[in-house]
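Participant: To be precise about what I am sending: the file is called start_1.csv and holds CSV, C-alpha atoms.
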```csv
chain,number,residue,atom,x,y,z
J,791,MET,CA,13.2,-11.9,8.1
J,792,GLU,CA,15.0,-15.2,8.2
J,793,THR,CA,18.6,-15.4,7.2
J,794,LEU,CA,19.3,-17.2,3.9
J,795,PHE,CA,22.1,-19.7,3.7
J,796,VAL,CA,22.6,-21.3,0.3
J,797,ASP,CA,25.3,-23.7,-0.9
J,798,LYS,CA,27.3,-21.9,-3.6
J,799,LYS,CA,27.4,-25.0,-5.7
J,800,LYS,CA,23.6,-25.2,-5.8
J,801,ARG,CA,23.1,-21.5,-6.7
J,802,LYS,CA,21.4,-20.8,-10.0
J,803,PRO,CA,23.1,-18.5,-12.5
J,804,LEU,CA,22.3,-14.8,-12.3
J,805,TRP,CA,23.8,-13.4,-15.5
J,806,THR,CA,21.4,-15.1,-17.9
J,807,LYS,CA,20.3,-13.7,-21.3
J,808,ALA,CA,17.0,-12.7,-19.9
J,809,PHE,CA,18.7,-10.8,-17.0
J,810,LEU,CA,21.0,-8.9,-19.3
J,811,ILE,CA,18.3,-8.0,-21.8
J,812,THR,CA,16.0,-6.8,-19.1
J,813,SER,CA,18.7,-4.7,-17.4
J,814,LEU,CA,19.6,-3.2,-20.8
J,815,SER,CA,16.0,-2.3,-21.5
J,816,ASN,CA,15.8,-0.7,-18.1
J,817,LEU,CA,19.0,1.3,-18.7
J,818,LEU,CA,17.8,2.6,-22.1
J,819,LEU,CA,14.4,3.6,-20.7
J,820,PHE,CA,15.9,5.4,-17.7
J,821,PHE,CA,18.5,7.1,-19.8
J,822,SER,CA,15.7,8.3,-22.1
J,823,PHE,CA,13.7,9.6,-19.1
J,824,GLN,CA,16.5,11.2,-17.2
J,825,MET,CA,17.6,13.2,-20.2
J,826,LEU,CA,14.3,15.1,-20.1
J,827,ILE,CA,14.3,15.9,-16.3
J,828,PRO,CA,16.5,19.0,-16.6
J,829,THR,CA,15.6,19.9,-20.2
J,830,ILE,CA,11.8,19.8,-20.6
J,831,PRO,CA,11.1,22.3,-17.8
J,832,THR,CA,13.6,24.7,-19.5
J,833,HIS,CA,11.8,24.1,-22.8
J,834,VAL,CA,8.4,24.9,-21.2
J,835,SER,CA,9.8,28.1,-19.7
J,836,GLN,CA,11.2,29.1,-23.1
J,837,LEU,CA,7.7,28.6,-24.6
J,838,GLY,CA,6.4,31.2,-22.1
J,839,GLY,CA,5.3,28.9,-19.3
J,840,ASN,CA,5.2,30.4,-15.8
J,841,ASP,CA,6.6,28.9,-12.7
J,842,VAL,CA,3.4,27.0,-11.9
J,843,GLN,CA,3.4,25.4,-15.3
J,844,VAL,CA,7.1,24.5,-15.1
J,845,GLY,CA,6.3,22.8,-11.7
J,846,LEU,CA,3.4,21.0,-13.2
J,847,VAL,CA,5.7,19.4,-15.8
J,848,ILE,CA,7.1,17.3,-13.0
J,849,GLY,CA,4.0,17.2,-10.8
J,850,ILE,CA,1.5,16.0,-13.5
J,851,PHE,CA,3.9,13.2,-14.6
J,852,THR,CA,4.4,12.0,-11.0
J,853,ILE,CA,0.6,12.0,-10.3
J,854,SER,CA,-0.3,10.0,-13.4
J,855,SER,CA,2.5,7.5,-12.8
J,856,LEU,CA,1.4,7.1,-9.2
J,857,LEU,CA,-2.2,6.6,-10.2
J,858,THR,CA,-1.2,4.0,-12.9
J,859,ARG,CA,1.1,1.7,-10.8
J,860,PRO,CA,-1.6,-0.2,-8.8
J,861,PHE,CA,-3.6,-0.9,-12.0
J,862,ALA,CA,-0.4,-1.8,-13.8
J,863,GLY,CA,0.6,-4.2,-11.0
J,864,ARG,CA,-2.8,-5.9,-11.2
J,865,ALA,CA,-2.7,-6.2,-15.0
J,866,LEU,CA,0.8,-7.8,-14.8
J,867,ASP,CA,-0.6,-10.5,-12.6
J,868,LEU,CA,-3.8,-11.0,-14.7
J,869,PHE,CA,-2.6,-10.6,-18.3
J,870,GLY,CA,1.1,-11.4,-18.2
J,871,ARG,CA,4.2,-9.3,-17.9
J,872,LYS,CA,5.2,-8.8,-21.5
J,873,HIS,CA,1.9,-7.3,-22.8
J,874,VAL,CA,1.8,-4.6,-20.1
J,875,LEU,CA,5.6,-3.9,-20.6
J,876,LEU,CA,5.4,-3.4,-24.3
J,877,VAL,CA,2.3,-1.2,-24.1
J,878,GLY,CA,4.0,1.0,-21.5
J,879,LEU,CA,7.2,1.3,-23.5
J,880,ALA,CA,5.3,2.1,-26.7
J,881,LEU,CA,3.4,4.9,-24.8
J,882,CYS,CA,6.7,6.4,-23.6
J,883,ALA,CA,8.3,6.4,-27.1
J,884,LEU,CA,5.2,7.8,-28.8
J,885,THR,CA,4.8,10.6,-26.2
J,886,ILE,CA,8.4,11.7,-26.3
J,887,ALA,CA,8.3,11.8,-30.0
J,888,GLY,CA,5.0,13.8,-29.8
J,889,TYR,CA,6.7,16.6,-27.7
J,890,SER,CA,8.4,17.8,-30.9
J,891,TYR,CA,5.0,18.8,-32.4
J,892,MET,CA,3.6,20.6,-29.4
J,893,ALA,CA,4.1,24.3,-29.4
J,894,ALA,CA,1.6,25.1,-26.6
J,895,VAL,CA,2.4,24.5,-23.0
J,896,THR,CA,-1.1,23.1,-22.3
J,897,LEU,CA,-0.5,20.4,-24.9
J,898,ILE,CA,2.9,19.4,-23.3
J,899,LEU,CA,1.2,19.2,-19.9
J,900,ALA,CA,-1.5,16.9,-21.3
J,901,ALA,CA,1.3,14.7,-23.0
J,902,ARG,CA,3.1,14.6,-19.7
J,903,PHE,CA,0.1,12.9,-18.1
J,904,VAL,CA,0.1,10.3,-20.8
J,905,HIS,CA,3.9,9.9,-20.5
J,906,GLY,CA,3.5,9.3,-16.8
J,907,ILE,CA,1.0,6.4,-17.5
J,908,GLY,CA,3.5,4.8,-19.9
J,909,TRP,CA,6.3,5.3,-17.3
J,910,GLY,CA,4.2,3.8,-14.5
J,911,MET,CA,3.4,0.7,-16.7
J,912,SER,CA,6.9,0.1,-18.1
J,913,THR,CA,8.9,0.6,-14.9
J,914,THR,CA,6.5,-1.5,-12.8
J,915,SER,CA,6.6,-4.2,-15.5
J,916,LEU,CA,10.4,-4.3,-15.7
J,917,GLY,CA,10.7,-4.5,-11.9
J,918,THR,CA,8.3,-7.4,-11.9
J,919,VAL,CA,10.0,-9.2,-14.9
J,920,ILE,CA,13.4,-8.9,-13.2
J,921,ALA,CA,12.0,-10.3,-10.0
J,922,ASP,CA,10.7,-13.3,-11.9
J,923,ILE,CA,14.1,-13.9,-13.6
J,924,ILE,CA,16.4,-13.5,-10.6
J,925,PRO,CA,16.9,-16.8,-8.6
J,926,SER,CA,15.3,-16.5,-5.2
J,927,GLU,CA,18.6,-17.3,-3.4
J,928,ARG,CA,20.4,-14.4,-5.2
J,929,ARG,CA,17.6,-11.9,-5.1
J,930,GLY,CA,19.5,-9.2,-3.1
J,931,GLU,CA,22.6,-9.5,-5.4
J,932,GLY,CA,20.5,-9.5,-8.5
J,933,MET,CA,18.4,-6.5,-7.5
J,934,GLY,CA,21.7,-4.7,-6.6
J,935,TYR,CA,23.2,-5.3,-10.1
J,936,TYR,CA,19.9,-4.5,-11.8
J,937,GLY,CA,19.6,-1.2,-9.9
J,938,LEU,CA,23.0,-0.1,-11.3
J,939,SER,CA,21.3,0.5,-14.6
J,940,ASN,CA,19.1,3.2,-12.9
J,941,THR,CA,22.1,4.7,-11.1
J,942,PHE,CA,24.2,4.8,-14.3
J,943,ALA,CA,21.4,6.7,-16.1
J,944,MET,CA,20.8,9.1,-13.2
J,945,ALA,CA,24.5,9.9,-13.2
J,946,LEU,CA,25.1,10.6,-16.9
J,947,ALA,CA,21.7,11.2,-18.6
J,948,PRO,CA,20.9,14.6,-17.1
J,949,LEU,CA,24.3,15.9,-18.1
J,950,THR,CA,24.0,14.4,-21.6
J,951,GLY,CA,20.5,16.0,-22.0
J,952,LEU,CA,21.8,19.5,-21.0
J,953,TRP,CA,24.8,19.2,-23.3
J,954,LEU,CA,22.6,18.2,-26.2
J,955,MET,CA,20.2,21.1,-25.6
J,956,GLN,CA,22.9,23.7,-25.2
J,957,THR,CA,24.8,22.4,-28.3
J,958,TYR,CA,22.1,21.3,-30.7
J,959,GLY,CA,18.8,22.4,-29.2
J,960,PHE,CA,15.8,20.7,-27.6
J,961,PRO,CA,14.7,18.9,-30.8
J,962,ARG,CA,17.9,16.9,-30.7
J,963,VAL,CA,17.3,15.9,-27.1
J,964,LEU,CA,13.8,14.6,-28.0
J,965,LEU,CA,15.2,12.7,-31.0
J,966,ILE,CA,17.9,10.9,-28.9
J,967,SER,CA,15.4,10.3,-26.1
J,968,THR,CA,12.8,8.8,-28.5
J,969,LEU,CA,15.4,6.5,-30.1
J,970,LEU,CA,16.5,5.2,-26.7
J,971,ALA,CA,12.9,4.5,-25.7
J,972,LEU,CA,12.4,2.7,-29.0
J,973,LEU,CA,15.5,0.7,-28.4
J,974,SER,CA,14.2,-0.3,-25.0
J,975,LEU,CA,11.0,-1.4,-26.6
J,976,PHE,CA,12.9,-3.4,-29.3
J,977,SER,CA,15.2,-5.1,-26.8
J,978,SER,CA,12.2,-6.1,-24.6
J,979,LEU,CA,10.8,-8.1,-27.4
J,980,PHE,CA,13.6,-10.6,-26.8
J,981,ILE,CA,13.0,-11.2,-23.1
J,982,THR,CA,12.1,-14.8,-22.6
J,983,TYR,CA,11.8,-16.6,-19.2
J,984,SER,CA,9.5,-19.1,-17.4
J,985,LYS,CA,6.3,-17.4,-16.3
J,986,PRO,CA,5.0,-17.6,-12.7
J,987,MET,CA,1.9,-19.6,-11.9
J,988,PRO,CA,-1.3,-17.8,-12.8
J,989,ILE,CA,-3.7,-16.4,-10.2
J,990,GLU,CA,-6.0,-19.1,-8.8
J,991,LYS,CA,-9.7,-18.2,-9.1
J,992,SER,CA,-11.5,-18.3,-5.8
J,993,ALA,CA,-15.2,-18.4,-5.0
J,994,GLN,CA,-14.9,-15.2,-2.9
J,995,ARG,CA,-14.0,-12.2,-4.9
J,996,PRO,CA,-11.2,-10.2,-3.2
J,997,LYS,CA,-11.7,-6.6,-2.2
J,998,LEU,CA,-10.7,-3.9,-4.7
J,999,MET,CA,-7.8,-2.7,-2.4
J,1000,ASP,CA,-6.5,-6.2,-2.1
J,1001,ARG,CA,-6.5,-6.5,-5.9
J,1002,LEU,CA,-4.6,-3.3,-6.5
J,1003,TRP,CA,-2.3,-3.3,-3.4
J,1004,GLU,CA,-0.2,-6.1,-2.0
J,1005,ARG,CA,-0.5,-6.4,1.8
J,1006,THR,CA,2.9,-8.1,2.2
J,1007,ALA,CA,4.5,-5.1,0.5
J,1008,MET,CA,3.2,-2.5,2.9
J,1009,LEU,CA,6.0,-2.7,5.4
J,1010,PRO,CA,8.9,-2.4,3.0
J,1011,SER,CA,7.0,0.2,1.0
J,1012,GLY,CA,6.3,2.2,4.1
J,1013,LEU,CA,10.0,2.2,4.9
J,1014,LEU,CA,10.8,3.2,1.4
J,1015,LEU,CA,8.4,6.1,1.7
J,1016,CYS,CA,10.5,7.5,4.6
J,1017,THR,CA,13.7,7.4,2.5
J,1018,ALA,CA,12.0,8.7,-0.7
J,1019,ILE,CA,10.7,11.8,1.1
J,1020,CYS,CA,14.3,12.6,2.1
J,1021,TYR,CA,15.5,12.0,-1.4
J,1022,GLY,CA,12.8,14.2,-2.8
J,1023,GLY,CA,14.1,17.0,-0.6
J,1024,ILE,CA,17.6,16.5,-1.9
J,1025,VAL,CA,16.9,16.4,-5.6
J,1026,THR,CA,14.5,19.4,-5.4
J,1027,PHE,CA,16.4,21.8,-3.2
J,1028,ILE,CA,20.1,20.8,-3.3
J,1029,THR,CA,20.9,23.7,-5.8
J,1030,LEU,CA,19.1,26.2,-3.6
J,1031,PHE,CA,20.9,24.8,-0.5
J,1032,GLY,CA,24.2,25.3,-2.4
J,1033,HIS,CA,23.4,29.0,-2.8
J,1034,GLU,CA,22.5,29.3,0.9
J,1035,ALA,CA,25.7,27.5,2.0
J,1036,GLY,CA,28.0,29.3,-0.4
J,1037,ILE,CA,28.8,26.1,-2.4
J,1038,SER,CA,29.3,27.0,-6.0
J,1039,ASN,CA,29.2,23.5,-7.6
J,1040,VAL,CA,26.6,21.1,-6.0
J,1041,GLY,CA,27.2,18.7,-8.9
J,1042,TRP,CA,29.8,17.1,-6.7
J,1043,PHE,CA,27.0,15.7,-4.5
J,1044,PHE,CA,25.4,13.8,-7.4
J,1045,LEU,CA,28.8,12.6,-8.7
J,1046,CYS,CA,30.0,11.2,-5.3
J,1047,ASN,CA,26.5,9.9,-4.5
J,1048,ALA,CA,26.2,8.0,-7.8
J,1049,SER,CA,29.8,6.6,-7.4
J,1050,MET,CA,29.1,5.2,-4.0
J,1051,VAL,CA,25.8,3.7,-5.1
J,1052,LEU,CA,27.6,1.9,-8.0
J,1053,ILE,CA,30.2,0.5,-5.6
J,1054,VAL,CA,27.8,-0.4,-2.7
J,1055,ARG,CA,24.8,-2.1,-4.4
J,1056,PRO,CA,26.5,-5.4,-5.5
J,1057,ILE,CA,28.2,-5.8,-2.1
J,1058,THR,CA,25.1,-5.1,0.0
J,1059,GLY,CA,23.0,-7.3,-2.4
J,1060,MET,CA,25.2,-10.3,-1.6
J,1061,LEU,CA,25.1,-9.4,2.1
J,1062,PHE,CA,21.3,-9.4,1.9
J,1063,ASP,CA,21.3,-12.9,0.4
J,1064,ARG,CA,23.8,-14.4,2.8
J,1065,LYS,CA,22.9,-12.7,6.1
J,1066,GLY,CA,19.4,-11.4,5.7
J,1067,PRO,CA,17.8,-7.9,5.4
J,1068,GLU,CA,18.7,-6.7,8.9
J,1069,TRP,CA,22.4,-6.7,7.9
J,1070,VAL,CA,21.7,-4.2,5.2
J,1071,LEU,CA,18.7,-2.1,6.3
J,1072,LEU,CA,19.9,-1.0,9.7
J,1073,PRO,CA,23.4,0.0,8.6
J,1074,GLY,CA,22.0,1.6,5.5
J,1075,ALA,CA,19.6,3.7,7.5
J,1076,LEU,CA,22.4,4.8,9.8
J,1077,PHE,CA,24.6,5.9,6.8
J,1078,THR,CA,21.6,7.7,5.3
J,1079,LEU,CA,21.1,9.5,8.6
J,1080,ALA,CA,24.7,10.5,8.8
J,1081,GLY,CA,24.7,11.7,5.2
J,1082,LEU,CA,21.7,14.0,5.8
J,1083,LEU,CA,23.3,15.4,9.0
J,1084,LEU,CA,26.6,16.0,7.2
J,1085,LEU,CA,24.8,17.6,4.3
J,1086,SER,CA,23.0,20.1,6.6
J,1087,TYR,CA,26.3,21.3,8.0
J,1088,ALA,CA,28.2,21.3,4.6
J,1089,HIS,CA,29.8,24.7,3.7
J,1090,SER,CA,32.4,23.6,1.1
J,1091,GLU,CA,32.6,21.2,-1.9
J,1092,ALA,CA,34.8,18.9,0.2
J,1093,SER,CA,32.2,18.6,3.1
J,1094,LEU,CA,29.5,18.3,0.5
J,1095,ALA,CA,31.4,15.3,-1.1
J,1096,GLY,CA,31.8,13.7,2.4
J,1097,ALA,CA,28.0,14.0,2.9
J,1098,ALA,CA,27.4,12.5,-0.5
J,1099,ILE,CA,29.6,9.5,0.2
J,1100,CYS,CA,27.8,8.7,3.4
J,1101,TYR,CA,24.4,9.3,1.8
J,1102,GLY,CA,25.4,7.2,-1.3
J,1103,ILE,CA,26.3,4.2,0.9
J,1104,GLY,CA,23.0,4.4,2.7
J,1105,PHE,CA,20.8,5.1,-0.3
J,1106,GLY,CA,22.6,2.5,-2.4
J,1107,SER,CA,22.0,-0.1,0.3
J,1108,LEU,CA,18.4,0.6,1.2
J,1109,GLN,CA,16.5,0.8,-2.1
J,1110,PRO,CA,17.5,-2.5,-3.7
J,1111,ALA,CA,17.4,-4.3,-0.4
J,1112,LEU,CA,13.8,-3.1,0.3
J,1113,GLN,CA,12.8,-4.1,-3.2
J,1114,ALA,CA,14.3,-7.6,-2.8
J,1115,TRP,CA,12.6,-7.9,0.6
J,1116,THR,CA,9.3,-6.8,-1.0
J,1117,ILE,CA,9.6,-9.6,-3.6
J,1118,ALA,CA,10.6,-12.2,-1.1
J,1119,ARG,CA,7.5,-11.5,1.0
J,1120,ALA,CA,5.1,-11.7,-1.9
J,1121,ALA,CA,3.7,-14.8,-3.6
J,1122,PRO,CA,5.0,-15.3,-7.2
J,1123,ASN,CA,1.5,-14.5,-8.7
J,1124,ARG,CA,1.4,-11.3,-6.7
J,1125,ARG,CA,4.7,-9.8,-7.7
J,1126,GLY,CA,3.1,-7.4,-10.0
J,1127,ALA,CA,0.9,-5.9,-7.3
J,1128,ALA,CA,3.8,-5.9,-4.9
J,1129,ASN,CA,6.0,-4.0,-7.3
J,1130,GLY,CA,3.1,-1.6,-8.0
J,1131,THR,CA,2.8,-0.9,-4.3
J,1132,PHE,CA,6.6,-0.5,-3.9
J,1133,PHE,CA,7.1,1.9,-6.8
J,1134,SER,CA,4.0,3.9,-5.8
J,1135,ALA,CA,5.6,4.5,-2.4
J,1136,ASN,CA,8.7,5.8,-4.1
J,1137,ASP,CA,6.7,8.2,-6.4
J,1138,LEU,CA,4.6,9.4,-3.5
J,1139,GLY,CA,7.7,9.9,-1.3
J,1140,ILE,CA,9.6,12.0,-3.8
J,1141,GLY,CA,6.5,14.2,-4.5
J,1142,LEU,CA,5.9,14.6,-0.7
J,1143,GLY,CA,9.5,15.5,-0.2
J,1144,ALA,CA,9.3,18.3,-2.7
J,1145,MET,CA,6.1,19.7,-1.2
J,1146,VAL,CA,6.3,19.0,2.6
J,1147,LEU,CA,10.1,19.6,3.0
J,1148,GLY,CA,9.7,22.7,0.8
J,1149,ALA,CA,7.1,24.1,3.2
J,1150,LEU,CA,9.3,23.2,6.1
J,1151,ALA,CA,12.2,25.1,4.6
J,1152,ASN,CA,9.9,28.1,4.1
J,1153,ILE,CA,8.8,28.0,7.7
J,1154,SER,CA,12.3,27.4,9.1
J,1155,GLY,CA,13.9,29.8,6.7
J,1156,SER,CA,16.8,27.5,6.1
J,1157,TYR,CA,17.4,24.5,3.8
J,1158,ALA,CA,20.1,23.3,6.3
J,1159,LEU,CA,17.4,23.0,9.0
J,1160,MET,CA,15.1,21.3,6.6
J,1161,TYR,CA,17.7,18.5,6.0
J,1162,ARG,CA,18.3,18.3,9.7
J,1163,TYR,CA,14.6,17.8,10.4
J,1164,SER,CA,14.3,15.2,7.6
J,1165,THR,CA,16.6,12.9,9.7
J,1166,LEU,CA,13.5,12.3,11.9
J,1167,LEU,CA,12.1,10.2,9.0
J,1168,ILE,CA,15.1,8.0,9.1
J,1169,LEU,CA,14.8,7.6,12.8
J,1170,VAL,CA,11.2,6.5,12.2
J,1171,PHE,CA,12.5,4.0,9.7
J,1172,ILE,CA,15.0,2.6,12.3
J,1173,LEU,CA,12.3,2.4,15.0
J,1174,ILE,CA,9.7,0.7,12.8
J,1175,TYR,CA,12.1,-1.9,11.3
J,1176,GLY,CA,13.8,-2.4,14.7
J,1177,TRP,CA,10.5,-3.2,16.3
J,1178,CYS,CA,9.4,-5.5,13.5
J,1179,PHE,CA,12.8,-7.3,13.6
J,1180,TRP,CA,12.5,-7.8,17.4
J,1181,GLN,CA,8.9,-9.1,17.1
J,1182,ALA,CA,10.0,-11.6,14.4
J,1183,ARG,CA,13.0,-12.8,16.5
J,1184,ARG,CA,10.7,-13.1,19.5
J,1185,GLY,CA,8.2,-15.1,17.5
J,1186,ILE,CA,11.0,-17.5,16.4
J,1187,GLN,CA,12.2,-18.0,19.9
J,1188,MET,CA,8.8,-18.7,21.2
J,1189,ALA,CA,8.2,-21.2,18.5
J,1190,GLN,CA,11.4,-23.0,19.4
J,1191,HIS,CA,10.4,-23.3,23.0
```
Written as structure tokens, that's how I'd like the structure from this file.
Facilitator:
Amino acid sequence: METLFVDKKKRKPLWTKAFLITSLSNLLLFFSFQMLIPTIPTHVSQLGGNDVQVGLVIGIFTISSLLTRPFAGRALDLFGRKHVLLVGLALCALTIAGYSYMAAVTLILAARFVHGIGWGMSTTSLGTVIADIIPSERRGEGMGYYGLSNTFAMALAPLTGLWLMQTYGFPRVLLISTLLALLSLFSSLFITYSKPMPIEKSAQRPKLMDRLWERTAMLPSGLLLCTAICYGGIVTFITLFGHEAGISNVGWFFLCNASMVLIVRPITGMLFDRKGPEWVLLPGALFTLAGLLLLSYAHSEASLAGAAICYGIGFGSLQPALQAWTIARAAPNRRGAANGTFFSANDLGIGLGAMVLGALANISGSYALMYRYSTLLILVFILIYGWCFWQARRGIQMAQH
């Protein structure tokens, strides 16, 4: 958890050709994916799918992606970044195109499992490639800017998908989504950068768990899990909370949240590089906590926007900082496994947020109470990181004496 002090004159360039192309590829992939989030469940419902099948559209995708990431991370370290990336992107493009020819709900659900595999491979690969490209002394700043491609897609793609579906129909959504995935694949062909050192072969074969998961990534991934569960509760139940609280347009939450994330990520990224993770993670957790509390008491669009601003500052600070910290703790030849561990925690957290917090809302009878209880996860975040930070500082002081 040491603070990084780097002479500005010696800092390596961030905005390289490889950085820009990788960020563009990520933007295209996420835009393609986010367009389907609000539209494909509606399409399944129109085909006659019941509520369980509509839920499985998201659930099956999440499960297959979660199962894929550890193996994708290991493959990245063994066989190289680009091979795994291109295979993952090709799977995404082919599966999206295939949805057009599937008139049965069961076929779509099977395709969603394959799509999740491609998504797990491609997003883990892109996260690892960008970690290789970004100079170590600018890792926080670079991850912040790279994360803006995700945020931009999350803010605009769902609205674009719904507009296309309402105006031209679902086949047009699939056509645009497929083209974007193909463009992501095409742009990835031009990513060039120096490769990290290959894995050294040792006489003792590592355990299966050590090959699939990266131990140094467990702490930041565990902290990410806490925030991802809260986020899963927000994206799943915010509309139902709006009905409960009498708020007609919950879209303001997503707009204000995305706006703050766009503003905050570059700033906190540079703060991470210059001062260290503690300057970002602890304030980010406090803003997230405040955002959840304000959300639970919101009864108007104005109060909802205020909650979104606080939550956006926290969420926009935590995720790229945790990913940058994950990469900083891992050896270069273990970045694939580290990213697989990190993104698995994110997928698992969002899935748990939908299920566990949904059950909590059912028991408590209130979505507001559900959001209030979810703040306990952020308190756990603060306690765990605070303890680890204190232990690290104590170790440094003891070494100096």
Participant: For Ile907 in chain J, find every residue with an atom within 6 Å (counting all atoms listed in the file), except residues of its own chain fewer than 2 positions away, and show them as a list in words.
Facilitator: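 Contacts, in chain order: Ser854, Ser855, Thr858, Val904, His905, Trp909 and Gly910 of chain J.
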Participant: If we count all atoms listed in the file and set the cut-off at 7 Å, which residues sit around range 1107-1115 of chain J, ignoring sequence neighbours fewer than 4 positions away in its own chain? Please answer as a PDB file with C-alpha atoms, in the coordinates of the input.
Facilitator:
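Output file part.pdb follows:
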```
ATOM      1  CA  ARG J 929      17.600 -11.900  -5.100  1.00  0.00           C
ATOM      2  CA  GLY J 930      19.500  -9.200  -3.100  1.00  0.00           C
ATOM      3  CA  MET J 933      18.400  -6.500  -7.500  1.00  0.00           C
ATOM      4  CA  GLY J 934      21.700  -4.700  -6.600  1.00  0.00           C
ATOM      5  CA  GLY J 937      19.600  -1.200  -9.900  1.00  0.00           C
ATOM      6  CA  PRO J1010       8.900  -2.400   3.000  1.00  0.00           C
ATOM      7  CA  VAL J1054      27.800  -0.400  -2.700  1.00  0.00           C
ATOM      8  CA  ARG J1055      24.800  -2.100  -4.400  1.00  0.00           C
ATOM      9  CA  THR J1058      25.100  -5.100   0.000  1.00  0.00           C
ATOM     10  CA  GLY J1059      23.000  -7.300  -2.400  1.00  0.00           C
ATOM     11  CA  PHE J1062      21.300  -9.400   1.900  1.00  0.00           C
ATOM     12  CA  PRO J1067      17.800  -7.900   5.400  1.00  0.00           C
ATOM     13  CA  VAL J1070      21.700  -4.200   5.200  1.00  0.00           C
ATOM     14  CA  LEU J1071      18.700  -2.100   6.300  1.00  0.00           C
ATOM     15  CA  GLY J1074      22.000   1.600   5.500  1.00  0.00           C
ATOM     16  CA  ILE J1103      26.300   4.200   0.900  1.00  0.00           C
ATOM     17  CA  ARG J1119       7.500 -11.500   1.000  1.00  0.00           C
TER      18      ARG J1119
END
```
Participant: Between CA of Thr1029 in chain J and CA of Ala1092 in chain J, what is the distance, to one decimal in Å?
Facilitator: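 Separating CA of Thr1029 in chain J from CA of Ala1092 in chain J is a distance of 15.9 Å.
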Participant: Would you mind reading off the distance between CA of Thr806 in chain J and CA of Gly1066 in chain J, one decimal, in Å?
Facilitator: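 Separation between CA of Thr806 in chain J and CA of Gly1066 in chain J: 24.0 Å.
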Participant: Looking at all atoms listed in the file, which of J:Leu876, J:Pro925, J:Thr950, J:Val919 is the one that sits closest to Leu973 in chain J?
Facilitator: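 Ranking J:Leu876, J:Pro925, J:Thr950, J:Val919 by distance to Leu973 in chain J, first place goes to J:Leu876.
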Participant: Which distance in Å separates CA of Glu1034 in chain J and CA of Phe1105 in chain J, to one decimal?
Facilitator: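 Taking CA of Glu1034 in chain J and CA of Phe1105 in chain J, their separation equals 24.3 Å.
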Participant: How would you write as a compact mmCIF listing (two decimals) with C-alpha atoms, keeping the file's coordinate frame the residues that get within 12 Å of (32.9, 20.7, 0.6) in the file's frame, counting only C-alpha atoms?
Facilitator:
```txt
# COMPACT_ATOMS: atom_id res chain seq x y z
CA GLY J 1032 24.20 25.30 -2.40
CA ALA J 1035 25.70 27.50 2.00
CA GLY J 1036 28.00 29.30 -0.40
CA ILE J 1037 28.80 26.10 -2.40
CA SER J 1038 29.30 27.00 -6.00
CA ASN J 1039 29.20 23.50 -7.60
CA VAL J 1040 26.60 21.10 -6.00
CA GLY J 1041 27.20 18.70 -8.90
CA TRP J 1042 29.80 17.10 -6.70
CA PHE J 1043 27.00 15.70 -4.50
CA CYS J 1046 30.00 11.20 -5.30
CA LEU J 1084 26.60 16.00 7.20
CA LEU J 1085 24.80 17.60 4.30
CA SER J 1086 23.00 20.10 6.60
CA TYR J 1087 26.30 21.30 8.00
CA ALA J 1088 28.20 21.30 4.60
CA HIS J 1089 29.80 24.70 3.70
CA SER J 1090 32.40 23.60 1.10
CA GLU J 1091 32.60 21.20 -1.90
CA ALA J 1092 34.80 18.90 0.20
CA SER J 1093 32.20 18.60 3.10
CA LEU J 1094 29.50 18.30 0.50
CA ALA J 1095 31.40 15.30 -1.10
CA GLY J 1096 31.80 13.70 2.40
CA ALA J 1097 28.00 14.00 2.90
CA ALA J 1098 27.40 12.50 -0.50
CA ILE J 1099 29.60 9.50 0.20
```
